[in-house]
Each structure stands twice: as structure tokens, then as C-alpha cells.
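Undergrad: So here's input-v3.cif (mmCIF, C-alpha atoms and all ligand atoms).
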data_my_file
#
loop_
_atom_site.label_atom_id
_atom_site.label_comp_id
_atom_site.auth_asym_id
_atom_site.auth_seq_id
_atom_site.Cartn_x
_atom_site.Cartn_y
_atom_site.Cartn_z
CA HIS A 16 2.31 -69.74 42.70
CA THR A 17 4.27 -69.49 39.51
CA LEU A 18 8.01 -70.02 39.69
CA LEU A 19 8.51 -66.32 38.96
CA THR A 20 6.50 -65.19 41.99
CA ARG A 21 8.48 -67.68 44.08
CA VAL A 22 11.70 -66.12 42.77
CA LEU A 23 10.52 -62.63 43.75
CA LYS A 24 9.56 -63.89 47.20
CA ALA A 25 12.88 -65.67 47.56
CA TYR A 26 14.64 -62.36 46.90
CA GLU A 27 12.60 -60.62 49.61
CA GLN A 28 13.34 -63.45 52.00
CA ASN A 29 17.09 -63.29 51.37
CA GLU A 30 17.36 -66.76 49.91
CA PHE A 31 19.94 -65.78 47.30
CA GLN A 32 23.61 -66.16 47.95
CA LEU A 33 26.76 -65.66 45.92
CA TYR A 34 29.16 -68.54 45.50
CA TYR A 35 32.71 -67.85 44.38
CA GLN A 36 34.87 -69.87 42.02
CA PRO A 37 38.60 -69.09 42.24
CA LYS A 38 40.69 -68.17 39.20
CA VAL A 39 44.40 -68.86 39.31
CA ASN A 40 47.60 -68.19 37.41
CA MET A 41 48.90 -71.73 36.78
CA HIS A 42 52.37 -70.38 36.02
CA THR A 43 52.93 -68.41 39.24
CA GLY A 44 50.43 -70.28 41.40
CA GLU A 45 48.81 -66.99 42.36
CA VAL A 46 45.07 -66.79 43.02
CA ILE A 47 44.09 -63.90 40.75
CA GLY A 48 40.41 -63.53 41.58
CA ALA A 49 37.06 -65.27 41.74
CA GLU A 50 33.87 -65.37 39.72
CA ALA A 51 30.67 -64.73 41.65
CA LEU A 52 27.88 -67.15 40.77
CA ILE A 53 24.38 -66.72 42.15
CA ARG A 54 22.67 -69.54 44.04
CA TRP A 55 19.15 -69.85 45.36
CA ILE A 56 19.27 -71.68 48.67
CA HIS A 57 15.68 -72.82 49.03
CA PRO A 58 14.76 -73.62 52.66
CA GLN A 59 13.10 -76.94 51.64
CA GLN A 60 14.49 -77.81 48.22
CA GLY A 61 18.08 -76.84 48.87
CA MET A 62 20.22 -75.34 46.17
CA ILE A 63 18.47 -74.32 42.97
CA PRO A 64 20.91 -73.56 40.13
CA PRO A 65 20.71 -70.27 38.21
CA ASP A 66 19.81 -72.03 34.93
CA VAL A 67 16.45 -72.82 36.53
CA PHE A 68 15.46 -69.35 37.70
CA LEU A 69 17.54 -66.78 35.79
CA PRO A 70 15.80 -67.41 32.44
CA LEU A 71 12.51 -66.46 34.14
CA VAL A 72 13.72 -63.03 35.19
CA GLU A 73 15.68 -62.33 32.04
CA ASN A 74 14.61 -59.10 30.33
CA THR A 75 12.52 -58.00 33.29
CA GLU A 76 12.95 -55.02 35.60
CA PHE A 77 13.68 -57.49 38.38
CA SER A 78 16.82 -58.70 36.57
CA VAL A 79 18.22 -55.19 37.12
CA THR A 80 17.32 -55.31 40.83
CA LEU A 81 18.98 -58.70 41.12
CA GLY A 82 21.98 -57.58 39.05
CA GLU A 83 22.56 -54.62 41.39
CA TRP A 84 22.14 -56.89 44.40
CA VAL A 85 24.88 -59.13 42.95
CA MET A 86 27.13 -56.09 42.46
CA ARG A 87 26.63 -54.89 46.04
CA GLN A 88 27.15 -58.37 47.49
CA ALA A 89 30.38 -58.81 45.53
CA LEU A 90 31.70 -55.39 46.56
CA GLU A 91 30.75 -55.94 50.18
CA GLN A 92 32.48 -59.34 50.15
CA MET A 93 35.66 -57.90 48.58
CA GLY A 94 35.66 -55.34 51.39
CA LYS A 95 35.33 -58.06 54.03
CA TRP A 96 38.12 -60.15 52.52
CA SER A 97 40.33 -57.11 52.17
CA THR A 98 39.85 -56.27 55.86
CA ALA A 99 40.89 -59.84 56.63
CA GLY A 100 44.03 -59.42 54.52
CA LEU A 101 42.86 -61.08 51.31
CA VAL A 102 42.82 -59.02 48.12
CA LEU A 103 40.56 -60.89 45.72
CA PRO A 104 39.15 -59.18 42.64
CA VAL A 105 35.67 -60.50 41.81
CA SER A 106 33.95 -60.81 38.47
CA ILE A 107 30.19 -60.85 38.16
CA ASN A 108 28.02 -61.92 35.25
CA ILE A 109 26.07 -59.03 33.85
CA SER A 110 22.95 -59.60 31.79
CA GLY A 111 22.56 -57.82 28.50
CA TYR A 112 19.29 -56.30 29.65
CA HIS A 113 20.94 -54.82 32.73
CA LEU A 114 23.96 -53.55 30.82
CA GLN A 115 21.75 -51.83 28.28
CA GLN A 116 19.72 -49.83 30.82
CA ALA A 117 19.87 -46.15 29.91
CA ASP A 118 21.30 -45.13 33.29
CA PHE A 119 23.71 -48.07 33.70
CA VAL A 120 26.89 -45.99 34.15
CA ARG A 121 25.34 -43.59 36.63
CA ARG A 122 23.95 -46.42 38.74
CA LEU A 123 27.20 -48.37 38.59
CA ALA A 124 29.03 -45.26 39.83
CA LYS A 125 26.51 -44.92 42.63
CA VAL A 126 26.98 -48.54 43.76
CA LEU A 127 30.80 -48.22 43.58
CA ASN A 128 30.61 -45.09 45.73
CA GLU A 129 28.82 -47.04 48.44
CA PHE A 130 32.03 -49.06 48.90
CA PRO A 131 34.82 -46.46 49.08
CA GLN A 132 37.18 -48.98 50.71
CA VAL A 133 37.00 -51.26 47.65
CA PRO A 134 39.00 -50.08 44.60
CA SER A 135 36.73 -50.13 41.51
CA ASP A 136 39.34 -52.02 39.53
CA TRP A 137 38.74 -55.08 41.68
CA LEU A 138 35.35 -55.41 40.02
CA GLU A 139 35.10 -57.09 36.64
CA LEU A 140 31.95 -57.43 34.60
CA GLU A 141 31.59 -60.55 32.45
CA ILE A 142 29.59 -59.98 29.31
CA LEU A 143 27.91 -62.99 27.80
CA GLU A 144 28.71 -63.42 24.16
CA THR A 145 25.15 -64.42 23.55
CA THR A 146 23.94 -61.04 24.74
CA ALA A 147 22.10 -59.55 21.80
CA MET A 148 23.48 -56.07 21.34
CA GLU A 149 21.70 -53.89 18.88
CA ASP A 150 23.96 -50.89 18.88
CA LEU A 151 27.60 -51.89 19.29
CA ASP A 152 28.82 -48.29 19.02
CA ARG A 153 26.68 -47.38 22.00
CA ILE A 154 27.85 -50.42 24.00
CA ALA A 155 31.49 -49.67 23.16
CA GLN A 156 30.99 -46.13 24.48
CA LEU A 157 29.23 -47.52 27.54
CA LEU A 158 32.14 -49.87 28.29
CA ASP A 159 34.58 -46.97 27.85
CA ASP A 160 32.57 -44.91 30.34
CA CYS A 161 32.54 -47.78 32.85
CA MET A 162 36.27 -48.36 32.38
CA LYS A 163 36.82 -44.69 33.25
CA LEU A 164 35.28 -45.57 36.62
CA GLY A 165 37.93 -48.30 36.90
CA VAL A 166 35.94 -51.48 36.31
CA HIS A 167 37.24 -54.18 33.99
CA PHE A 168 35.37 -56.18 31.37
CA ALA A 169 35.63 -59.75 30.16
CA LEU A 170 33.97 -61.43 27.18
CA ASP A 171 32.41 -64.52 28.74
CA ASP A 172 31.97 -67.87 26.96
CA PHE A 173 34.23 -66.64 24.18
CA GLY A 174 33.80 -68.52 20.93
CA THR A 175 30.23 -69.65 21.36
CA GLY A 176 28.40 -66.50 20.36
CA TYR A 177 27.39 -65.81 16.80
CA SER A 178 29.50 -62.67 16.67
CA SER A 179 32.55 -63.46 18.79
CA LEU A 180 35.05 -61.76 16.54
CA THR A 181 32.84 -58.73 16.01
CA TYR A 182 32.43 -58.30 19.76
CA LEU A 183 36.16 -58.73 20.19
CA ARG A 184 36.85 -56.15 17.51
CA ARG A 185 34.29 -53.59 18.57
CA LEU A 186 34.13 -53.85 22.35
CA PRO A 187 36.96 -52.61 24.55
CA THR A 188 37.38 -55.56 26.94
CA GLN A 189 40.55 -56.53 28.81
CA THR A 190 39.86 -60.25 29.08
CA MET A 191 38.61 -63.16 26.98
CA LYS A 192 37.21 -66.18 28.81
CA ILE A 193 37.55 -69.25 26.58
CA ASP A 194 34.27 -71.12 26.78
CA ARG A 195 34.51 -74.33 28.74
CA SER A 196 33.06 -76.39 25.87
CA PHE A 197 36.38 -75.95 23.98
CA VAL A 198 38.55 -76.57 27.02
CA ILE A 199 36.92 -79.59 28.66
CA ASP A 200 37.77 -82.08 25.87
CA MET A 201 40.96 -80.43 24.59
CA LEU A 202 43.11 -83.28 25.94
CA SER A 203 41.43 -85.85 23.69
CA ASN A 204 39.94 -83.76 20.91
CA SER A 205 42.42 -82.23 18.48
CA MET A 206 39.78 -79.87 17.04
CA ASP A 207 39.13 -78.42 20.49
CA HIS A 208 42.85 -78.26 21.17
CA ALA A 209 43.38 -76.31 17.95
CA LEU A 210 40.52 -73.92 18.71
CA VAL A 211 41.86 -73.19 22.20
CA ALA A 212 45.35 -72.59 20.77
CA GLY A 213 43.83 -70.26 18.18
CA ILE A 214 41.91 -68.26 20.76
CA VAL A 215 45.02 -67.96 22.93
CA GLY A 216 46.98 -66.68 19.91
CA LEU A 217 44.21 -64.22 19.11
CA GLY A 218 44.32 -62.92 22.67
CA LYS A 219 48.08 -62.48 22.46
CA SER A 220 47.88 -60.57 19.17
CA LEU A 221 45.17 -58.31 20.51
CA GLU A 222 46.88 -57.88 23.89
CA ARG A 223 43.94 -59.26 25.82
CA GLU A 224 44.20 -61.41 28.87
CA VAL A 225 42.97 -64.94 28.19
CA ILE A 226 41.54 -67.24 30.82
CA ALA A 227 40.56 -70.85 30.19
CA GLU A 228 37.28 -71.94 31.76
CA GLY A 229 36.34 -75.58 32.26
CA VAL A 230 39.76 -76.63 33.53
CA GLU A 231 38.42 -79.87 34.95
CA SER A 232 41.80 -81.44 35.77
CA LEU A 233 45.31 -80.30 36.49
CA GLU A 234 46.42 -82.17 33.31
CA HIS A 235 44.64 -79.48 31.33
CA GLY A 236 47.35 -77.15 32.58
CA ILE A 237 50.03 -78.87 30.50
CA PRO A 238 48.82 -77.92 26.99
CA LEU A 239 47.43 -74.61 28.25
CA LEU A 240 50.77 -73.53 29.72
CA ARG A 241 52.54 -74.68 26.54
CA MET A 242 50.22 -72.40 24.55
CA GLY A 243 50.96 -69.52 26.92
CA CYS A 244 47.55 -69.56 28.58
CA TYR A 245 48.38 -69.14 32.25
CA LEU A 246 45.05 -68.14 33.71
CA ALA A 247 42.52 -70.83 34.54
CA GLN A 248 39.21 -71.53 36.23
CA GLY A 249 37.44 -74.84 36.61
CA TYR A 250 36.47 -77.80 38.75
CA GLY A 251 40.07 -79.13 38.58
CA ILE A 252 41.16 -76.06 40.54
CA ALA A 253 38.09 -75.44 42.66
CA ARG A 254 34.32 -75.71 42.50
CA PRO A 255 32.25 -72.63 43.24
CA MET A 256 32.05 -72.28 47.04
CA SER A 257 30.32 -70.13 49.64
CA ALA A 258 32.15 -66.96 50.68
CA ASP A 259 33.10 -68.32 54.09
CA LYS A 260 35.12 -71.15 52.50
CA VAL A 261 37.22 -68.96 50.22
CA GLN A 262 39.95 -67.83 52.63
CA GLU A 263 40.61 -71.37 53.76
CA TRP A 264 40.76 -72.51 50.14
CA VAL A 265 43.24 -69.76 49.24
CA ALA A 266 45.41 -70.67 52.25
CA GLN A 267 45.63 -74.35 51.30
CA TRP A 268 46.20 -73.59 47.59
CA GLN A 269 49.26 -71.50 48.36
O1 LIG B 1 26.98 -71.29 38.39
P1 LIG B 1 26.41 -72.03 37.24
O2 LIG B 1 27.37 -72.76 36.34
O3 LIG B 1 25.29 -72.93 37.62
O4 LIG B 1 25.77 -70.88 36.33
C1 LIG B 1 24.95 -71.17 35.28
C2 LIG B 1 24.80 -69.93 34.44
O5 LIG B 1 24.23 -68.86 35.19
C3 LIG B 1 26.13 -69.40 33.89
O6 LIG B 1 25.95 -69.12 32.50
C4 LIG B 1 26.36 -68.15 34.65
O7 LIG B 1 27.02 -67.17 33.85
C5 LIG B 1 24.96 -67.68 35.01
N1 LIG B 1 25.02 -66.89 36.23
C6 LIG B 1 25.46 -67.29 37.44
N2 LIG B 1 25.37 -66.29 38.33
C7 LIG B 1 24.88 -65.21 37.66
C8 LIG B 1 24.56 -63.88 38.04
O8 LIG B 1 24.76 -63.43 39.17
N3 LIG B 1 24.04 -63.09 37.08
C9 LIG B 1 23.83 -63.51 35.81
N4 LIG B 1 23.31 -62.65 34.93
N5 LIG B 1 24.13 -64.76 35.41
C10 LIG B 1 24.65 -65.60 36.33
O1 LIG B 2 28.54 -69.00 31.67
P1 LIG B 2 29.53 -68.91 32.77
O2 LIG B 2 30.92 -69.13 32.27
O3 LIG B 2 29.41 -67.68 33.62
O4 LIG B 2 29.23 -70.14 33.69
C1 LIG B 2 29.96 -70.48 34.78
C2 LIG B 2 29.44 -71.85 35.14
O5 LIG B 2 30.36 -72.86 34.79
C3 LIG B 2 29.20 -72.01 36.61
O6 LIG B 2 27.90 -72.42 36.79
C4 LIG B 2 30.12 -73.11 37.05
O7 LIG B 2 29.48 -73.95 37.99
C5 LIG B 2 30.41 -73.84 35.78
N1 LIG B 2 31.74 -74.41 35.79
C6 LIG B 2 32.83 -73.89 36.36
N2 LIG B 2 33.90 -74.69 36.19
C7 LIG B 2 33.49 -75.75 35.48
C8 LIG B 2 34.14 -76.91 35.01
O8 LIG B 2 35.34 -77.14 35.16
N3 LIG B 2 33.38 -77.79 34.30
C9 LIG B 2 32.05 -77.57 34.07
N4 LIG B 2 31.39 -78.50 33.39
N5 LIG B 2 31.40 -76.48 34.51
C10 LIG B 2 32.11 -75.58 35.21
MN MN B 3 30.84 -66.16 33.67
NA NA B 4 31.77 -68.43 30.84
#
Show the structure stored in the file as C-alpha cells.
Ligand code: G
Ligand code: G
Ligand code: MN
Ligand code: NA
TA:
Amino acid sequence: HTLLTRVLKAYEQNEFQLYYQPKVNMHTGEVIGAEALIRWIHPQQGMIPPDVFLPLVENTEFSVTLGEWVMRQALEQMGKWSTAGLVLPVSINISGYHLQQADFVRRLAKVLNEFPQVPSDWLELEILETTAMEDLDRIAQLLDDCMKLGVHFALDDFGTGYSSLTYLRRLPTQTMKIDRSFVIDMLSNSMDHALVAGIVGLGKSLEREVIAEGVESLEHGIPLLRMGCYLAQGYGIARPMSADKVQEWVAQWQ
């Protein structure tokens, strides 16, 4: 079997699972949400990371199937947490191929309607900066239409794409996620420190929320807070974890 046929079979056999990585406000201590990250739990090989199998399904019809599965899983999980007394907005990573499907808005609305107990504004879609977008006017309109349904958007891996500033200028997104490659070494690398400070300033000027990814230690919080970047995600706060561990994590964080 090719790896792709194994991926399709894995989907049918329910071997995919969403892990969740918390995002916090370092200033208030509040847990503000979590990013959903797909995992393939192979019965023999154990966990297979998305970098191994997502590239295979990229730009295929199956990536849309999987993308909608991720959406439903995230919404269902938010509903479960909410019932248990935990309000936790979830962001999911959306592939460019999926986002650019002609009926994206209609299908998103349909999925949201399946979860009437979950407010749509708890769902955030992270758009990869490396997503090749041919027609930015159309995508901007698409994001507007989705935002009318209530969902939020974030520019993921901000600063690494070849058209970061163009995407920022043309796409109506509420949040910028500073790519972890700038954040990880910012304590020792003055270039990275300056770039992070610049991105935070840009976010402030444009009235976007800014979240630092790759916060690998609590020391990272010191310069970030000084810059006015309060929101953070990274191994120093929490690693991605299975859904059943999240409530316990939130309880001990607070
Ligand atoms: O979780 P991890 O760091 O291994 O993720 C590796 C990459 O896979 C990241 O770039 C992440 O955005 C991407 N990824 C993780 N889960 C999903 C998903 O559900 N959908 C898409 N499209 N990408 C994902
Ligand atoms: O591309 P995207 O930002 O969606 O990727 C998220 C990926 O980043 C996840 O696979 C997650 O495991 C990884 N990640 C999250 N926090 C950290 C961190 O602090 N350091 C590193 N190196 N990777 C991280
Ligand atoms: Mn992401
Ligand atoms: Na990212």
C-alpha cells in the first residue's frame, strides 16, 4: 500500500484524533483558547505527526473531507467542554485548498448549524501564510462572508510567507500569530527580538490581536509582556495534549 491509501484507511478506521494546545493571556493568566492539531494514532506505529501525512493529502478532495472532520471534532469538543463548565474557543488550521472550495461558506454554515449549542464565534480559522491565494479580492470577500457567520480568522505563521504584509493589508483577519521561528530565539538573538517587537507594533497599529507562538519558556514572557504582547502559545506553557487532559490542565494553570 502507498502511504496515501493507508491515510485514507486510517480515516475510515477512526485513527485520527485532535490534540489541543492551550493559548493564554500572560498578563491576566487567563486561558483564552486552544489550537486543534491533528494526530494520527497508528495502532502499531503510535503517533504519526501531521508533517508526515498532511502533505500527501494536500490539494486533494480528501483534504476537504478531513478539514470538515476537524471542524466537526473541534465544535463537538467545544460543546462537551462547555457542558462541563469550560468555555474554550478553538482554532483549527485550514488548508488553502479547503478554504478556496467554491461552496466553502455554505458548507461552513451547514457544519456550524449542526452544533447550535456552540456559538460560532468560538471557532477560529487559522490561515497559513504560505497558502497560495490567486484572487485576494475573492478571499477577502470569502472571509467577510464567514465572519458574518461569526467565525474569527487568524494569519498563521505570520512573517514567514512571501506576502505577509499583503495578506495583512488585504485580508480581514482579527489575529496575527507570530511565527515561532522569530520567537524561539528572541532571548538571545537581537534580530529576532527586533522582528517580534516590530510585528507586535504592527498589530497594535492595525488593531489586530497578536499572539506569540513558540513560547518555549516562561522567560520569553518577560520581553513579550514589555512589548505589549500578552497572548502566548508554546511548549513553555503547554504541549499539545489529548482532549481528555485539557480540563485538568486548565484547572492546575489557574
Ligand atoms: O502539530 P504539529 O506541530 O506537528 O503540526 C505540524 C503542522 O501541521 C503545522 O504546520 C500545523 O499547522 C499543521 N496541522 C496540524 N493539524 C492540522 C489540521 O488539522 N489541518 C491542517 N490543515 N494542518 C494542520
Ligand atoms: O504551523 P502551526 O503554527 O499551525 O504549527 C503548530 C505546531 O507548532 C504544532 O505542531 C506544535 O506542536 C508546534 N509547537 C507548538 N509550540 C511549540 C513550541 O514552543 N516550540 C516548537 N518548536 N514547536 C511548537
Ligand atoms: Mn496553526
Ligand atoms: Na503557526
Undergrad: Excluding A:Met148 and residues on its chain fewer than 5 positions from it, collect all residues at most 10 Å away from it, counting all atoms listed in the file, and give them as number ranges by chain.
TA: A: 111-112, 114-115, 153-154, 182
Undergrad: Within 8 Å of (21.0, -63.3, 45.8) (file coordinates; all atoms listed in the file), which protein or nucleic acid residues are there? I'd like them as a ChimeraX atom specification.
TA: /A:26,29-33,53-55,81,84-85
Undergrad: Write as a ChimeraX atom specification the residues around ligand LIG 1 (chain B), taking 8 Å as the cut-off and counting all atoms listed in the file.
TA: /A:33-34,51-54,64-66,69,78,81-82,85,107-110,143,171,255
Undergrad: Work out how far apart atom CA of A:Ser178 and atom CA of A:Ala89 are and give it in Å to one decimal.
TA: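 Here the two named atoms are 29.1 Å from each other.
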Undergrad: Using only C-alpha atoms and all ligand atoms, what are the residues with an atom within 9 Å of ligand NA 4 (chain B), set out as a list in words?
TA: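 The neighbouring residues of ligand NA 4 (chain B) are, in order, Asn108, Glu141, Ile142, Leu143, Glu144, Leu170, Asp171, Asp172, Phe173, Lys192, Ile193, Asp194, Arg195, Glu228 and Gly229 of chain A.
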Undergrad: Using Å and a single decimal, report how far atom CA of A:Pro37 sits from atom CA of A:Leu127.
TA: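 Answer for the atom CA of A:Leu127 to atom CA of A:Pro37 separation: 22.3 Å.
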Undergrad: Can you tell me, as a PyMOL selection string, what residues are no more than 12 Å from A:Ser203 when counting all atoms listed in the file, ignoring any on the same chain fewer than 4 positions away?
TA: chain A and resi 197-199+207-209+234-235+238
